[in-house]
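Everything below belongs to target26.txt, which stores compact mmCIF, C-alpha atoms and all ligand atoms.
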# COMPACT_ATOMS: atom_id res chain seq x y z
CA MET A 1498 111.48 93.21 67.20
CA ARG A 1499 111.75 96.97 67.20
CA ARG A 1500 110.49 97.06 70.79
CA LEU A 1501 113.21 94.65 71.84
CA TRP A 1502 115.88 96.81 70.31
CA ILE A 1503 114.46 99.77 72.15
CA ILE A 1504 114.62 97.88 75.43
CA LEU A 1505 118.19 96.88 74.67
CA ILE A 1506 119.23 100.41 73.89
CA CYS A 1507 117.53 101.72 77.02
CA LEU A 1508 119.38 99.16 79.12
CA LEU A 1509 122.69 100.11 77.55
CA LEU A 1510 122.01 103.84 78.01
CA SER A 1511 121.07 103.33 81.65
CA GLY A 1512 124.48 101.81 82.33
CA CYS A 1513 123.43 98.19 82.89
CA GLN A 1514 126.61 96.78 81.37
CA SER A 1515 126.53 93.85 83.71
CA VAL A 1516 123.23 92.66 82.25
CA THR A 1517 124.04 89.99 79.69
CA PHE A 1518 121.41 88.25 77.63
CA SER A 1519 120.75 87.48 74.01
CA VAL A 1520 117.86 88.58 71.86
CA ASP A 1521 117.33 84.92 70.99
CA GLY A 1522 117.02 84.12 74.66
CA LEU A 1523 114.48 86.87 75.18
CA LEU A 1524 112.38 85.65 72.28
CA SER A 1525 112.41 81.98 73.13
CA ALA A 1526 112.93 81.72 76.90
CA PRO A 1527 109.95 79.66 78.05
CA ASN A 1528 108.12 80.56 81.17
CA ILE A 1529 109.62 78.09 83.65
CA ALA A 1530 106.34 77.50 85.46
CA ASP A 1531 104.60 76.78 82.13
CA GLU A 1532 107.39 74.41 81.13
CA GLN A 1533 107.16 72.49 84.42
CA SER A 1534 103.42 72.33 84.12
CA ALA A 1535 103.70 70.96 80.56
CA ILE A 1536 106.17 68.27 81.72
CA TYR A 1537 103.93 67.31 84.63
CA GLN A 1538 100.89 67.12 82.32
CA ALA A 1539 102.83 64.90 79.91
CA LEU A 1540 103.73 62.59 82.81
CA ILE A 1541 100.09 62.41 83.96
CA GLU A 1542 98.92 61.68 80.42
CA SER A 1543 101.24 58.73 80.35
CA ALA A 1544 101.23 57.45 83.95
CA GLY A 1545 97.80 58.55 85.13
CA ARG A 1546 96.77 60.85 87.96
CA ASN A 1547 97.28 58.28 90.67
CA ILE A 1548 100.99 58.87 91.10
CA THR A 1549 103.26 60.09 93.89
CA LEU A 1550 106.35 62.01 92.86
CA GLU A 1551 109.59 60.62 94.31
CA TYR A 1552 112.26 63.16 95.31
CA PRO A 1553 115.93 62.13 95.61
CA ARG A 1554 116.95 62.54 99.26
CA SER A 1555 120.56 63.50 98.73
CA GLY A 1556 122.97 64.69 96.07
CA GLU A 1557 122.88 67.45 93.50
CA TYR A 1558 119.51 66.57 91.94
CA ARG A 1559 116.68 66.90 94.47
CA SER A 1560 113.67 67.23 92.19
CA ALA A 1561 111.37 64.44 91.02
CA PHE A 1562 111.92 65.92 87.54
CA VAL A 1563 115.58 65.83 86.56
CA ALA A 1564 116.64 67.68 83.40
CA TYR A 1565 119.60 66.09 81.64
CA ASP A 1566 120.70 65.43 78.07
CA ILE A 1567 120.42 61.66 78.37
CA ASP A 1568 120.77 60.92 74.61
CA GLY A 1569 123.60 63.35 73.87
CA ASP A 1570 121.67 65.39 71.24
CA LYS A 1571 122.53 68.66 73.07
CA GLU A 1572 118.95 69.13 74.31
CA GLU A 1573 117.79 68.25 77.77
CA GLU A 1574 115.27 65.52 78.32
CA THR A 1575 113.51 65.10 81.67
CA LEU A 1576 113.67 62.00 83.85
CA ALA A 1577 110.62 61.83 86.11
CA PHE A 1578 110.66 59.69 89.28
CA TYR A 1579 107.35 58.57 90.77
CA SER A 1580 105.44 55.66 92.18
CA VAL A 1581 101.94 54.54 91.22
CA SER A 1582 99.69 54.54 94.27
CA SER A 1583 97.15 52.08 92.95
CA VAL A 1584 99.40 49.13 92.21
CA ALA A 1585 100.71 46.63 94.72
CA ASP A 1586 104.19 47.06 93.31
CA SER A 1587 105.57 50.06 95.20
CA ASN A 1588 108.76 50.29 93.15
CA VAL A 1589 109.79 53.68 91.84
CA LYS A 1590 109.09 54.20 88.13
CA ILE A 1591 111.18 56.33 85.81
CA SER A 1592 109.72 58.11 82.80
CA VAL A 1593 111.77 59.70 80.04
CA LEU A 1594 110.04 62.84 78.78
CA ASP A 1595 111.13 64.62 75.63
CA ARG A 1596 109.91 67.42 73.36
CA ASP A 1597 108.53 66.65 69.92
CA GLY A 1598 109.19 68.79 66.83
CA ASP A 1599 106.54 71.28 67.95
CA GLY A 1600 108.10 71.66 71.39
CA ALA A 1601 105.34 69.68 73.16
CA TRP A 1602 106.41 67.34 75.96
CA HIS A 1603 105.61 63.61 75.80
CA SER A 1604 106.59 60.60 77.81
CA THR A 1605 108.67 58.50 75.44
CA PHE A 1606 109.69 55.62 77.67
CA GLU A 1607 108.96 54.19 81.11
CA LEU A 1608 110.71 51.61 83.21
CA ALA A 1609 110.50 50.12 86.69
CA GLY A 1610 113.26 51.12 89.09
CA ALA A 1611 114.89 48.91 91.71
CA GLY A 1612 113.64 50.25 95.05
CA ASN A 1613 110.83 52.00 96.90
CA SER A 1614 112.36 55.44 97.03
CA VAL A 1615 115.18 57.39 95.42
CA GLU A 1616 118.28 58.08 97.47
CA THR A 1617 120.30 59.92 94.83
CA VAL A 1618 120.50 60.61 91.09
CA GLU A 1619 123.78 61.30 89.36
CA PHE A 1620 125.15 61.16 85.83
CA LEU A 1621 128.36 59.90 84.27
CA GLY A 1622 128.51 60.99 80.64
CA CYS A 1623 125.14 59.94 79.25
CA ASP A 1624 124.56 57.24 81.90
CA ALA A 1625 122.07 57.88 84.68
CA ILE A 1626 123.22 56.57 88.08
CA VAL A 1627 120.28 56.00 90.44
CA GLY A 1628 120.62 54.99 94.08
CA TYR A 1629 117.45 53.49 95.53
CA ALA A 1630 116.94 53.70 99.28
CA ALA A 1631 116.51 50.46 101.14
CA GLN A 1632 114.01 49.28 103.66
CA GLU A 1633 115.45 49.19 107.17
CA TYR A 1634 118.32 46.71 107.64
CA GLU A 1635 118.63 46.22 103.91
CA GLU A 1636 121.18 47.66 101.59
CA ASN A 1637 120.48 50.30 98.96
CA THR A 1638 120.45 49.41 95.30
CA LEU A 1639 122.51 51.04 92.59
CA GLY A 1640 121.07 51.06 89.06
CA ILE A 1641 122.97 52.37 86.04
CA TYR A 1642 120.87 53.22 83.00
CA ARG A 1643 121.86 53.97 79.44
CA PHE A 1644 119.64 55.50 76.77
CA GLU A 1645 119.83 53.40 73.61
CA ASN A 1646 117.48 53.30 70.59
CA GLY A 1647 114.81 55.31 72.36
CA THR A 1648 114.80 53.16 75.49
CA LEU A 1649 116.43 53.55 78.87
CA GLN A 1650 118.21 50.27 79.55
CA PRO A 1651 119.49 49.04 82.90
CA ILE A 1652 123.13 48.12 82.29
CA TYR A 1653 124.21 47.44 85.89
CA GLU A 1654 122.61 46.71 89.25
CA ASP A 1655 124.17 46.01 92.63
CA SER A 1656 123.54 46.60 96.32
CA TYR A 1657 125.51 49.10 98.40
CA SER A 1658 125.69 50.84 101.75
CA PHE A 1659 127.77 53.77 100.54
CA MET A 1660 128.09 55.18 97.04
CA GLU A 1661 129.83 58.18 95.55
CA THR A 1662 130.74 59.22 92.02
CA VAL A 1663 134.19 60.71 92.37
CA ASP A 1664 137.47 60.95 90.46
CA LEU A 1665 139.28 58.52 92.77
CA ASP A 1666 142.45 58.04 90.72
CA GLY A 1667 142.82 61.64 89.57
CA CYS A 1668 142.49 60.68 85.88
CA GLY A 1669 140.10 63.57 85.19
CA THR A 1670 137.00 61.36 84.89
CA GLU A 1671 134.78 60.24 87.72
CA GLU A 1672 134.36 56.63 88.79
CA ILE A 1673 131.48 55.09 90.74
CA ALA A 1674 132.69 53.81 94.11
CA THR A 1675 130.48 51.65 96.31
CA VAL A 1676 130.93 49.82 99.60
CA GLY A 1677 128.55 47.00 100.37
CA ARG A 1678 128.15 43.77 102.29
CA SER A 1679 129.59 40.58 100.91
CA GLY A 1680 129.10 37.49 103.01
CA LEU A 1681 130.52 38.24 106.45
CA GLY A 1682 132.79 40.93 105.07
CA MET A 1683 132.64 43.99 102.90
CA GLU A 1684 133.20 44.55 99.25
CA ILE A 1685 134.51 47.75 97.72
CA THR A 1686 133.63 48.14 94.05
CA VAL A 1687 134.85 50.79 91.64
CA LEU A 1688 133.31 51.11 88.18
CA LYS A 1689 135.64 53.02 85.92
CA PRO A 1690 134.15 54.24 82.62
CA GLY A 1691 136.23 53.53 79.52
CA GLU A 1692 136.27 55.25 76.16
CA SER A 1693 133.86 52.89 74.44
CA GLY A 1694 131.25 53.24 77.18
CA VAL A 1695 132.35 50.00 78.82
CA TYR A 1696 132.99 50.06 82.55
CA THR A 1697 135.95 48.29 84.06
CA LYS A 1698 134.95 46.82 87.41
CA TYR A 1699 137.44 46.62 90.28
CA ASP A 1700 136.61 44.72 93.45
CA TYR A 1701 138.27 44.52 96.82
CA ASN A 1702 137.07 42.06 99.42
CA LEU A 1703 137.55 43.21 102.95
CA GLU A 1704 137.73 40.35 105.41
CA SER A 1705 136.37 42.27 108.34
CA GLY A 1706 134.93 39.41 110.37
CA GLU A 1707 131.94 40.71 112.27
CA ALA A 1708 132.81 44.37 111.80
CA ALA A 1709 130.15 46.48 110.10
CA VAL A 1710 130.59 49.64 108.06
CA TYR A 1711 130.11 52.61 110.39
CA GLY A 1712 130.85 55.32 107.83
CA CYS A 1713 132.74 56.14 104.63
CA LYS A 1714 134.53 59.33 103.67
CA ILE A 1715 136.42 60.37 100.57
CA GLY A 1716 139.21 62.92 100.86
CA GLU A 1717 141.98 64.52 98.81
CA LEU A 1718 145.26 62.71 98.49
CA GLY A 1719 148.01 64.14 96.31
CA GLY A 1720 145.91 65.01 93.24
CA ALA A 1721 143.76 61.90 93.61
CA LYS A 1722 141.34 60.76 96.30
CA ALA A 1723 141.36 58.13 99.03
CA LEU A 1724 138.42 56.20 100.46
CA TYR A 1725 138.32 55.86 104.26
CA ILE A 1726 136.06 53.22 105.75
CA ASP A 1727 135.30 53.37 109.47
CA LEU A 1728 134.46 49.88 110.72
CA ALA A 1729 132.56 49.17 113.92
CA ALA A 1730 134.52 46.61 115.94
CA ASP A 1731 133.42 45.03 119.22
CA ALA A 1732 132.66 47.02 122.39
CA GLY A 1733 131.54 50.14 120.55
CA ARG A 1734 134.92 50.78 119.03
CA LEU A 1735 135.93 51.91 115.55
CA TYR A 1736 138.90 51.43 113.35
CA THR A 1737 139.64 52.74 109.86
CA GLU A 1738 140.82 51.19 106.63
CA LEU A 1739 141.84 53.30 103.66
CA PHE A 1740 141.89 52.54 99.96
CA LEU A 1741 143.29 54.06 96.81
CA LEU A 1742 142.45 53.42 93.17
CA LYS A 1743 145.72 52.90 91.36
CA GLU A 1744 146.58 51.47 88.00
CA GLY A 1745 145.03 48.04 87.85
CA GLY A 1746 142.89 48.06 90.96
CA ILE A 1747 141.92 49.01 94.45
CA PHE A 1748 144.83 49.07 96.81
CA ALA A 1749 145.02 49.15 100.63
CA PRO A 1750 148.31 50.93 101.39
CA ILE A 1751 148.29 49.85 105.03
CA ASN A 1752 147.34 46.29 105.79
CA SER A 1753 144.29 45.65 107.84
CA ALA A 1754 146.07 44.39 110.97
CA GLY A 1755 148.13 47.57 110.85
CA THR A 1756 145.24 50.00 110.60
CA GLU A 1757 143.20 48.21 113.26
CA ALA A 1758 146.07 48.40 115.73
CA LEU A 1759 146.86 52.00 114.82
CA THR A 1760 143.38 53.46 114.66
CA LEU A 1761 141.21 51.62 117.22
CA ARG A 1762 139.20 54.14 119.25
CA PRO A 1763 135.76 54.64 120.85
CA SER A 1764 132.89 55.25 118.43
CA GLY A 1765 131.95 58.92 118.29
CA TYR A 1766 135.32 59.66 116.68
CA PRO A 1767 134.71 59.12 112.95
CA SER A 1768 137.26 59.82 110.25
CA SER A 1769 136.61 63.29 108.90
CA ASP A 1770 138.27 66.39 107.50
CA TYR A 1771 138.70 68.00 110.92
CA ASP A 1772 140.90 70.90 109.81
CA GLY A 1773 139.13 71.69 106.53
CA ASP A 1774 142.18 71.10 104.27
CA GLY A 1775 140.37 68.53 102.09
CA GLN A 1776 142.32 65.54 103.43
CA ILE A 1777 140.67 63.15 105.86
CA GLU A 1778 142.11 62.81 109.35
CA ILE A 1779 141.77 59.64 111.41
CA PRO A 1780 141.42 60.37 115.13
CA THR A 1781 142.77 58.21 117.93
CA VAL A 1782 142.29 58.94 121.61
CA SER A 1783 144.13 58.54 124.88
CA PRO A 1784 143.06 59.70 128.35
CA PHE A 1785 143.75 63.40 128.84
CA TYR A 1786 146.41 64.37 131.41
CA GLY A 1787 145.28 63.32 134.85
CA TYR A 1788 142.71 60.80 133.64
CA GLU A 1789 145.15 57.93 133.01
CA SER A 1790 145.30 56.79 136.59
CA SER A 1791 142.32 58.55 138.17
CA ASP A 1792 138.87 57.09 138.48
CA ARG A 1793 137.30 60.43 137.59
CA ALA A 1794 134.43 59.70 135.24
CA PRO A 1795 133.64 60.12 132.49
CA THR A 1796 137.14 60.03 131.06
CA GLU A 1797 138.05 63.01 128.91
CA TYR A 1798 140.30 62.23 125.98
CA MET A 1799 143.14 63.81 124.11
CA THR A 1800 142.49 63.24 120.41
CA SER A 1801 145.42 62.73 118.07
CA PHE A 1802 144.81 63.26 114.36
CA TRP A 1803 146.59 61.10 111.83
CA ALA A 1804 146.76 61.61 108.07
CA TYR A 1805 148.00 59.20 105.44
CA ASN A 1806 151.26 60.26 103.84
CA GLU A 1807 151.73 58.93 100.33
CA GLU A 1808 155.50 59.23 100.33
CA THR A 1809 156.09 57.30 103.51
CA MET A 1810 153.00 55.11 102.88
CA SER A 1811 152.04 55.40 106.51
CA LEU A 1812 149.81 57.31 108.87
CA GLU A 1813 151.58 60.34 110.23
CA PHE A 1814 150.75 62.36 113.32
CA GLU A 1815 149.22 65.76 112.56
CA SER A 1816 148.05 67.37 115.79
CA ASN A 1817 146.56 66.91 119.25
CA ALA A 1818 143.15 68.28 120.06
CA TYR A 1819 140.35 68.13 122.55
CA CYS A 1820 137.10 67.12 120.80
CA ASN A 1821 133.77 68.05 122.27
CA ILE A 1822 131.80 65.42 120.37
CA SER A 1823 128.37 66.41 121.67
CA ASP A 1824 128.81 70.09 120.74
CA GLY A 1825 130.69 69.34 117.52
CA TYR A 1826 134.01 71.13 117.85
CA ALA A 1827 137.71 70.41 118.20
CA PHE A 1828 140.27 72.61 119.92
CA THR A 1829 143.88 72.05 118.88
CA ILE A 1830 146.11 71.82 121.95
CA PRO A 1831 148.97 74.33 121.57
CA ASN A 1832 152.44 72.91 122.09
CA ARG A 1833 153.07 74.96 125.21
CA TRP A 1834 150.02 73.35 126.82
CA LEU A 1835 151.33 69.81 126.38
CA ASN A 1836 151.84 68.05 129.72
CA VAL A 1837 150.79 71.07 131.77
CA VAL A 1838 147.11 71.50 130.90
CA THR A 1839 144.14 69.26 131.48
CA VAL A 1840 140.43 69.55 130.86
CA LEU A 1841 137.15 69.24 132.72
CA LYS A 1842 133.76 69.06 131.06
CA ASP A 1843 130.58 70.12 132.82
CA GLY A 1844 128.22 67.25 132.11
CA SER A 1845 125.08 69.38 132.32
CA THR A 1846 126.07 72.50 130.36
CA GLY A 1847 128.68 70.92 128.06
CA GLU A 1848 131.09 73.73 129.06
CA VAL A 1849 134.74 72.76 128.75
CA THR A 1850 137.40 74.33 130.93
CA PHE A 1851 141.13 73.90 130.50
CA TYR A 1852 143.25 74.06 133.67
CA ARG A 1853 146.89 74.47 134.45
CA TYR A 1854 147.71 71.00 135.66
CA ASP A 1855 150.35 69.81 138.04
CA PRO A 1856 150.66 66.03 137.89
CA ALA A 1857 151.70 66.06 141.54
CA ALA A 1858 148.48 67.74 142.63
CA GLU A 1859 145.68 65.30 143.33
CA ARG A 1860 142.64 67.49 143.69
CA ILE A 1861 140.82 69.60 141.12
CA SER A 1862 140.72 72.47 143.58
CA ASP A 1863 144.48 72.67 143.26
CA MET A 1864 144.19 73.46 139.55
CA SER A 1865 143.73 76.95 138.15
CA PRO A 1866 141.40 77.57 135.21
CA ILE A 1867 142.78 79.11 132.02
CA ILE A 1868 139.87 79.28 129.59
CA THR A 1869 136.31 77.97 129.26
CA PHE A 1870 134.50 77.13 126.02
CA ALA A 1871 130.73 77.04 125.82
CA SER A 1872 128.18 76.61 123.09
CA ALA A 1873 124.47 77.11 122.73
CA GLU A 1874 121.82 76.73 120.09
CA SER A 1875 121.92 79.94 118.11
CA SER A 1876 118.95 81.48 119.90
CA GLY A 1877 120.18 80.57 123.38
CA GLY A 1878 123.55 82.27 123.63
CA ARG A 1879 122.50 85.58 125.17
CA ALA A 1880 123.15 84.37 128.71
CA TYR A 1881 126.79 83.73 127.79
CA GLU A 1882 127.15 87.18 126.28
CA THR A 1883 125.66 88.74 129.41
CA ALA A 1884 128.10 86.71 131.51
CA GLY A 1885 131.04 88.21 129.63
CA TYR A 1886 131.83 85.38 127.19
CA THR A 1887 133.16 86.30 123.76
CA LEU A 1888 131.43 84.98 120.64
CA LEU A 1889 133.99 82.86 118.77
CA LYS A 1890 132.06 81.24 115.96
CA GLU A 1891 128.52 80.89 114.69
CA THR A 1892 127.03 78.18 112.49
CA ASP A 1893 123.46 77.82 111.23
CA SER A 1894 122.51 75.94 114.36
CA ARG A 1895 124.97 76.81 117.15
CA SER A 1896 127.01 79.66 118.60
CA TYR A 1897 130.38 79.07 120.26
CA TYR A 1898 131.85 81.20 123.07
CA PHE A 1899 134.91 81.44 125.27
CA ILE A 1900 135.95 83.28 128.38
CA VAL A 1901 139.51 83.64 129.65
CA ARG A 1902 139.66 82.72 133.33
CA ALA A 1903 143.33 83.24 134.14
CA SER A 1904 145.00 86.59 134.66
CA GLY A 1905 147.11 88.15 131.93
CA ASP A 1906 150.42 87.14 133.55
CA GLU A 1907 149.58 83.42 133.20
CA PRO A 1908 151.86 82.29 130.32
CA LEU A 1909 149.40 79.58 129.29
CA VAL A 1910 146.76 82.17 128.33
CA LEU A 1911 146.30 82.22 124.55
CA THR A 1912 145.94 85.24 122.28
CA PHE A 1913 142.61 85.76 120.53
CA ASP A 1914 144.22 84.74 117.22
CA GLU A 1915 145.48 81.47 118.76
CA ILE A 1916 142.05 80.72 120.18
CA ARG A 1917 140.34 81.44 116.86
CA ASP A 1918 142.87 79.50 114.76
CA ASN A 1919 142.86 76.44 117.03
CA PHE A 1920 139.07 76.19 117.27
CA ARG A 1921 137.24 74.20 114.55
CA VAL A 1922 133.64 73.22 114.24
CA PHE A 1923 133.24 69.86 112.53
CA GLU A 1924 130.25 68.30 110.79
CA CA A 2001 118.92 65.10 74.64
CA CA A 2002 139.11 58.88 87.65
CA CA A 2003 141.95 67.54 106.87

Using the file provided, produce a representation of the structure as structure tokens.
Ligand SMILES: [Ca+2]
Ligand SMILES: [Ca+2]
Ligand SMILES: [Ca+2]
Amino acid sequence: MRRLWIILICLLLSGCQSVTFSVDGLLSAPNIADEQSAIYQALIESAGRNITLEYPRSGEYRSAFVAYDIDGDKEEETLAFYSVSSVADSNVKISVLDRDGDGAWHSTFELAGAGNSVETVEFLGCDAIVGYAAQEYEENTLGIYRFENGTLQPIYEDSYSFMETVDLDGCGTEEIATVGRSGLGMEITVLKPGESGVYTKYDYNLESGEAAVYGCKIGELGGAKALYIDLAADAGRLYTELFLLKEGGIFAPINSAGTEALTLRPSGYPSSDYDGDGQIEIPTVSPFYGYESSDRAPTEYMTSFWAYNEETMSLEFESNAYCNISDGYAFTIPNRWLNVVTVLKDGSTGEVTFYRYDPAAERISDMSPIITFASAESSGGRAYETAGYTLLKETDSRSYYFIVRASGDEPLVLTFDEIRDNFRVFE
């Protein structure tokens, strides 16, 4: 003990005020590697050596050993996910491991999961929410487990394509939202936890005919959240339905005929938070200026972004942009460009050039270039820099460049700030 005090005093004297720790912590902090080894040994003692650890593929918990206080006694247990190689049953198994009075780890309970691999693990209060990944063409399975009387009990099981635990209604507590197949249509389910540990289940059946779920997004909406479902219609097209959780159930603020008519577009334009403000935008497209009547192929599109407005209960126009889907960016079209600028994309390099456009002029050679955007994998951008392009944005995987092609007296030339503010990389 005296040595510890000496260390403490030395730290204080050397000016390490930012170092915060407790003497208790120093005395009892276990070596993490030893702790993990002890947990693994306890699992092997119980399940045998012939096991394969199963790692959740997405979400916050990515380890096959998930530490969580599953019984609410203020100490963390460990949930271990694994499969047993020797048995024909390839289902994931879950072991609950806990410390005994001497601090030694033991497996205290085991149960069979509901799928061959683990997609995600989450928790709501003391309930463990496990998503099991499906075989191809099959849906995933959601299992909810509750620890009662020393055993982990399945209390709910259902299939899903999309699942998220999220505070949909803004009540301060998360719900479990899933979207899954139901007959020829889709079913949205929300499980809302109540005070006594009982979930209230809300369903919404979506009569979507042959349409399949293409993607789901959840975005901010006035203190609560909204669920956006992109549905794949015929001929490679998408449309979007949106849903809110309000008092008493799931609610579609715009009826399905309305959203299909308003939001039908080519696939490749998913709903997403394009401007990074937390709210989801729904894109629609129309041929860019000059492409409406020409047979120039492929058609380049003007993308219009729409966002749901709670007060008017309708989709409202937000902005126009050009989206380079293959390179993953959107460029907001400034108002002074409307009707007088069009775009050409180089099919081989992906470079995008905006031109001053005169609807009366028929040929591209009559147009004058204003600015070109280019992008390259992060390692491959040097050629652009050598050619005088300016680096605009870098992500982990790509670098984005521009070069102004018009002279300074062209009023359609943008300032650097305009270029930077109007350019957005999307997921
Ligand atoms: Ca505990
Ligand atoms: Ca909630
Ligand atoms: Ca947004």

Dump as a PDB file with C-alpha atoms, keeping the file's coordinate frame all residues having an atom at most 6 Å from (119.6, 57.3, 92.9), computed in the file's coordinates with only C-alpha atoms.
ATOM      1  CA  VAL A1615     115.180  57.390  95.420  1.00  0.00           C
ATOM      2  CA  GLU A1616     118.280  58.080  97.470  1.00  0.00           C
ATOM      3  CA  THR A1617     120.300  59.920  94.830  1.00  0.00           C
ATOM      4  CA  VAL A1618     120.500  60.610  91.090  1.00  0.00           C
ATOM      5  CA  VAL A1627     120.280  56.000  90.440  1.00  0.00           C
ATOM      6  CA  GLY A1628     120.620  54.990  94.080  1.00  0.00           C
ATOM      7  CA  TYR A1629     117.450  53.490  95.530  1.00  0.00           C
TER       8      TYR A1629
END

Please identify the residues whose atoms come within 9 Å of ligand CA 2002 (chain A), using all atoms listed in the file, and report them as a list in words.
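Those within range of ligand CA 2002 (chain A) are Val1663, Asp1664, Leu1665, Asp1666, Gly1667, Cys1668, Gly1669, Thr1670, Glu1671, Glu1672, Lys1689, Pro1690, Ala1721 and Leu1742 of chain A.
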
Could you pull out the residues sitting within 10 Å of ligand CA 2003 (chain A), using all atoms listed in the file, and write them as a PyMOL selection string?
chain A and resi 1716-1717+1768-1779+1802-1804+1815

Keeping only C-alpha atoms, write the selected residues to a file as a short mmCIF file (atom, residue, chain, number, x, y, z; two decimals), keeping the file's coordinate frame.
data_model
loop_
_atom_site.label_atom_id
_atom_site.label_comp_id
_atom_site.auth_asym_id
_atom_site.auth_seq_id
_atom_site.Cartn_x
_atom_site.Cartn_y
_atom_site.Cartn_z
CA GLY A 1716 139.21 62.92 100.86
CA GLU A 1717 141.98 64.52 98.81
CA SER A 1768 137.26 59.82 110.25
CA SER A 1769 136.61 63.29 108.90
CA ASP A 1770 138.27 66.39 107.50
CA TYR A 1771 138.70 68.00 110.92
CA ASP A 1772 140.90 70.90 109.81
CA GLY A 1773 139.13 71.69 106.53
CA ASP A 1774 142.18 71.10 104.27
CA GLY A 1775 140.37 68.53 102.09
CA GLN A 1776 142.32 65.54 103.43
CA ILE A 1777 140.67 63.15 105.86
CA GLU A 1778 142.11 62.81 109.35
CA ILE A 1779 141.77 59.64 111.41
CA PHE A 1802 144.81 63.26 114.36
CA TRP A 1803 146.59 61.10 111.83
CA ALA A 1804 146.76 61.61 108.07
CA GLU A 1815 149.22 65.76 112.56
#

When you count all atoms listed in the file, which of these residues is closest to Leu1835 (chain A): A:Ser1823, A:Thr1912, A:Phe1785, A:Asn1806?
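Of A:Ser1823, A:Thr1912, A:Phe1785, A:Asn1806, the one nearest Leu1835 (chain A), counting all atoms listed in the file, is A:Phe1785.
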
Give me the residues of chain A that have any atom at most 9 Å from an atom of ligand CA 2001 (chain A); for each, the nearest atom pair and the distance in Å, rounded to one decimal. Use all atoms listed in the file, sort by chain and number, and format it as a Markdown table.
| residue | atom | partner | partner_atom | distance |
| --- | --- | --- | --- | --- |
| A:Tyr1565 | CA | A:CA2001 | CA | 7.1 |
| A:Asp1566 | CA | A:CA2001 | CA | 3.9 |
| A:Ile1567 | CA | A:CA2001 | CA | 5.3 |
| A:Asp1568 | CA | A:CA2001 | CA | 4.6 |
| A:Gly1569 | CA | A:CA2001 | CA | 5.1 |
| A:Asp1570 | CA | A:CA2001 | CA | 4.4 |
| A:Lys1571 | CA | A:CA2001 | CA | 5.3 |
| A:Glu1572 | CA | A:CA2001 | CA | 4.0 |
| A:Glu1573 | CA | A:CA2001 | CA | 4.6 |
| A:Glu1574 | CA | A:CA2001 | CA | 5.2 |
| A:Thr1575 | CA | A:CA2001 | CA | 8.9 |
| A:Asp1595 | CA | A:CA2001 | CA | 7.9 |

At what distance in Å, to one decimal, does CA of Val1676 (chain A) lie from CA of Thr1648 (chain A)?
29.2 Å

Find the axis-aligned box for region 1803-1819 of chain A, covering all its listed atoms and adding 6 Å on each side, and write its centre and edge lengths in Å to one decimal as AutoDock Vina command-line options.
--center_x 148.2 --center_y 61.7 --center_z 111.4 --size_x 27.7 --size_y 25.2 --size_z 34.2

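Pairwise distance (CA of Thr1850 (chain A), CA of Arg1833 (chain A)) equals 16.7 Å.
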
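CA of Asp1655 (chain A) is found 18.3 Å from CA of Pro1553 (chain A).
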